[in-house]
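First comes the structure, then the notes that go with it.
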Amino acid sequence: MAENKFPDVNDPATAPFWKGTRDGKIVVQACTKCGYLRWPPGPICNECLSSETEWKEISPIGTLWSYAVYHRAMNPRFKDEIPYTVALVELDDGPRMYGRLVATTAKVEPGVRVRAAFQEIEPGVTFVYWEIK
Ligand SMILES: [Zn+2]
């Protein structure tokens, strides 16, 4: 049974990302040794294994990599919105990120260009959505 839970936006491991979404920005970890941008966040760099990191704003533009249409809501909060589309987007700066696709009449297919949109789901919790450019 799914629970009506949202991410802990104050968890130090992800708080800078959630602050970014509240400000309408995509903010990810950047390795200060080699510059590799990573999402989801982690304790060490996937490329050079350094633990030196900072948070950096990146471009909100990317390309739809893949998607799935959900007919069951992963969270009861969204049950009245099904079916909805969850997209995997490859951002122009490199990281891949999941998010709902904003309802659209445009053709949804891998390769279309998308831009991040930000929607407050509940006070203090802003999700990244994707809209086709
Ligand atoms: Zn690195």
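We label chains A, B, ... in the order they appear in the structure tokens, count residues from 1 in each chain, and number ligands from 1 in the order shown.
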
How close does each residue of chain A get to ligand 1, giving the shortest atom pair and distance in Å to one decimal for every residue with an atom at most 12 Å away, counting only C-alpha atoms and all ligand atoms, sorted by chain and residue number, as a Markdown table?
```
| residue | atom | partner | partner_atom_place_in_ligand_line | distance |
| --- | --- | --- | --- | --- |
| A:Gln29 | CA | ligand 1 | 1 (Zn) | 10.3 |
| A:Ala30 | CA | ligand 1 | 1 (Zn) | 7.8 |
| A:Cys31 | CA | ligand 1 | 1 (Zn) | 4.6 |
| A:Thr32 | CA | ligand 1 | 1 (Zn) | 6.7 |
| A:Lys33 | CA | ligand 1 | 1 (Zn) | 5.1 |
| A:Cys34 | CA | ligand 1 | 1 (Zn) | 4.1 |
| A:Gly35 | CA | ligand 1 | 1 (Zn) | 5.8 |
| A:Tyr36 | CA | ligand 1 | 1 (Zn) | 5.3 |
| A:Leu37 | CA | ligand 1 | 1 (Zn) | 8.3 |
| A:Arg38 | CA | ligand 1 | 1 (Zn) | 9.4 |
| A:Gly42 | CA | ligand 1 | 1 (Zn) | 11.6 |
| A:Pro43 | CA | ligand 1 | 1 (Zn) | 11.1 |
| A:Ile44 | CA | ligand 1 | 1 (Zn) | 7.8 |
| A:Cys45 | CA | ligand 1 | 1 (Zn) | 4.6 |
| A:Asn46 | CA | ligand 1 | 1 (Zn) | 6.7 |
| A:Glu47 | CA | ligand 1 | 1 (Zn) | 5.0 |
| A:Cys48 | CA | ligand 1 | 1 (Zn) | 4.1 |
| A:Leu49 | CA | ligand 1 | 1 (Zn) | 6.0 |
| A:Ser50 | CA | ligand 1 | 1 (Zn) | 5.4 |
| A:Ser51 | CA | ligand 1 | 1 (Zn) | 8.0 |
| A:Glu52 | CA | ligand 1 | 1 (Zn) | 7.9 |
| A:Thr53 | CA | ligand 1 | 1 (Zn) | 8.3 |
| A:Glu54 | CA | ligand 1 | 1 (Zn) | 11.0 |
```

Find the spatial neighbours of region 112-117 of chain A, counting only C-alpha atoms, within a cut-off of 12 Å - ignore same-chain residues fewer than 6 positions away - and output them as a PDB file with C-alpha atoms, in the first residue's frame.
```pdb
ATOM      1  CA  GLY A  20      16.827  25.017  -5.983  1.00  0.00           C
ATOM      2  CA  THR A  21      13.442  23.723  -7.109  1.00  0.00           C
ATOM      3  CA  ARG A  22      11.709  26.206  -4.794  1.00  0.00           C
ATOM      4  CA  ASP A  23      13.736  28.939  -6.536  1.00  0.00           C
ATOM      5  CA  GLY A  24      12.902  27.568 -10.014  1.00  0.00           C
ATOM      6  CA  LYS A  25      16.382  26.148 -10.619  1.00  0.00           C
ATOM      7  CA  ILE A  26      17.996  22.760 -11.212  1.00  0.00           C
ATOM      8  CA  VAL A  27      20.845  22.422  -8.705  1.00  0.00           C
ATOM      9  CA  ILE A  58      22.753  23.765 -14.305  1.00  0.00           C
ATOM     10  CA  SER A  59      20.706  24.323 -17.440  1.00  0.00           C
ATOM     11  CA  PRO A  60      17.001  23.431 -17.133  1.00  0.00           C
ATOM     12  CA  ILE A  61      16.974  22.342 -20.790  1.00  0.00           C
ATOM     13  CA  GLY A  62      17.331  18.783 -21.978  1.00  0.00           C
ATOM     14  CA  THR A  63      16.145  15.969 -24.226  1.00  0.00           C
ATOM     15  CA  LEU A  64      13.491  13.375 -23.494  1.00  0.00           C
ATOM     16  CA  TRP A  65      15.361  10.083 -23.145  1.00  0.00           C
ATOM     17  CA  SER A  66      12.455   7.783 -22.306  1.00  0.00           C
ATOM     18  CA  TYR A  67       9.040   7.868 -20.691  1.00  0.00           C
ATOM     19  CA  ALA A  87       9.813  11.194 -18.252  1.00  0.00           C
ATOM     20  CA  LEU A  88      13.513  10.458 -18.015  1.00  0.00           C
ATOM     21  CA  VAL A  89      15.304  13.542 -19.295  1.00  0.00           C
ATOM     22  CA  GLU A  90      18.944  13.910 -20.198  1.00  0.00           C
ATOM     23  CA  LEU A  91      19.852  17.468 -19.335  1.00  0.00           C
ATOM     24  CA  ASP A  92      22.134  19.356 -21.701  1.00  0.00           C
ATOM     25  CA  MET A  97      16.559  13.181 -14.116  1.00  0.00           C
ATOM     26  CA  TYR A  98      13.036  11.762 -13.730  1.00  0.00           C
ATOM     27  CA  GLY A  99       9.941  13.917 -13.517  1.00  0.00           C
ATOM     28  CA  ARG A 100       6.371  14.149 -14.650  1.00  0.00           C
ATOM     29  CA  LEU A 101       5.690  15.486 -18.094  1.00  0.00           C
ATOM     30  CA  VAL A 102       3.367  18.482 -18.133  1.00  0.00           C
ATOM     31  CA  ALA A 103       0.145  17.501 -19.934  1.00  0.00           C
ATOM     32  CA  THR A 104       0.595  18.341 -23.589  1.00  0.00           C
ATOM     33  CA  ALA A 106       2.600  17.830 -28.518  1.00  0.00           C
ATOM     34  CA  THR A 126       8.458  21.730  -5.258  1.00  0.00           C
ATOM     35  CA  PHE A 127       8.742  18.999  -7.890  1.00  0.00           C
ATOM     36  CA  VAL A 128      10.458  19.237 -11.251  1.00  0.00           C
ATOM     37  CA  TYR A 129       8.113  18.667 -14.178  1.00  0.00           C
ATOM     38  CA  TRP A 130       9.099  18.671 -17.819  1.00  0.00           C
ATOM     39  CA  GLU A 131       7.394  20.545 -20.598  1.00  0.00           C
ATOM     40  CA  ILE A 132       7.997  20.004 -24.282  1.00  0.00           C
ATOM     41  CA  LYS A 133       9.581  23.114 -25.805  1.00  0.00           C
TER      42      LYS A 133
END
```

> Which of chain A counts as helix (DSSP H, G or I) under DSSP, as number ranges by chain please?
Replying inline: A: 15-22, 76-81

> Excluding same-chain residues fewer than 3 positions from Arg72 (chain A), what lies within 8 Å of it counting only C-alpha atoms, as a VMD selection string?
Replying inline: chain A and resid 79 82 to 83

>> For Val9 (chain A), find every residue with an atom within 9 Å (counting only C-alpha atoms), except residues of its own chain fewer than 5 positions away, and show them as an MDAnalysis selection string.
In response: chainID A and resid 14:19 124:125

>> Just to confirm, what's the straight-line distance from CA of Val108 (chain A) to CA of Arg96 (chain A) in Å (one decimal)?
In response: 17.5 Å

> What residues in chain A get the DSSP label strand (DSSP E or B)? Please answer as a ChimeraX atom specification.
Replying inline: /A:26-31,37-38,53-58,61-70,84-91,96-101,113-122,125-132
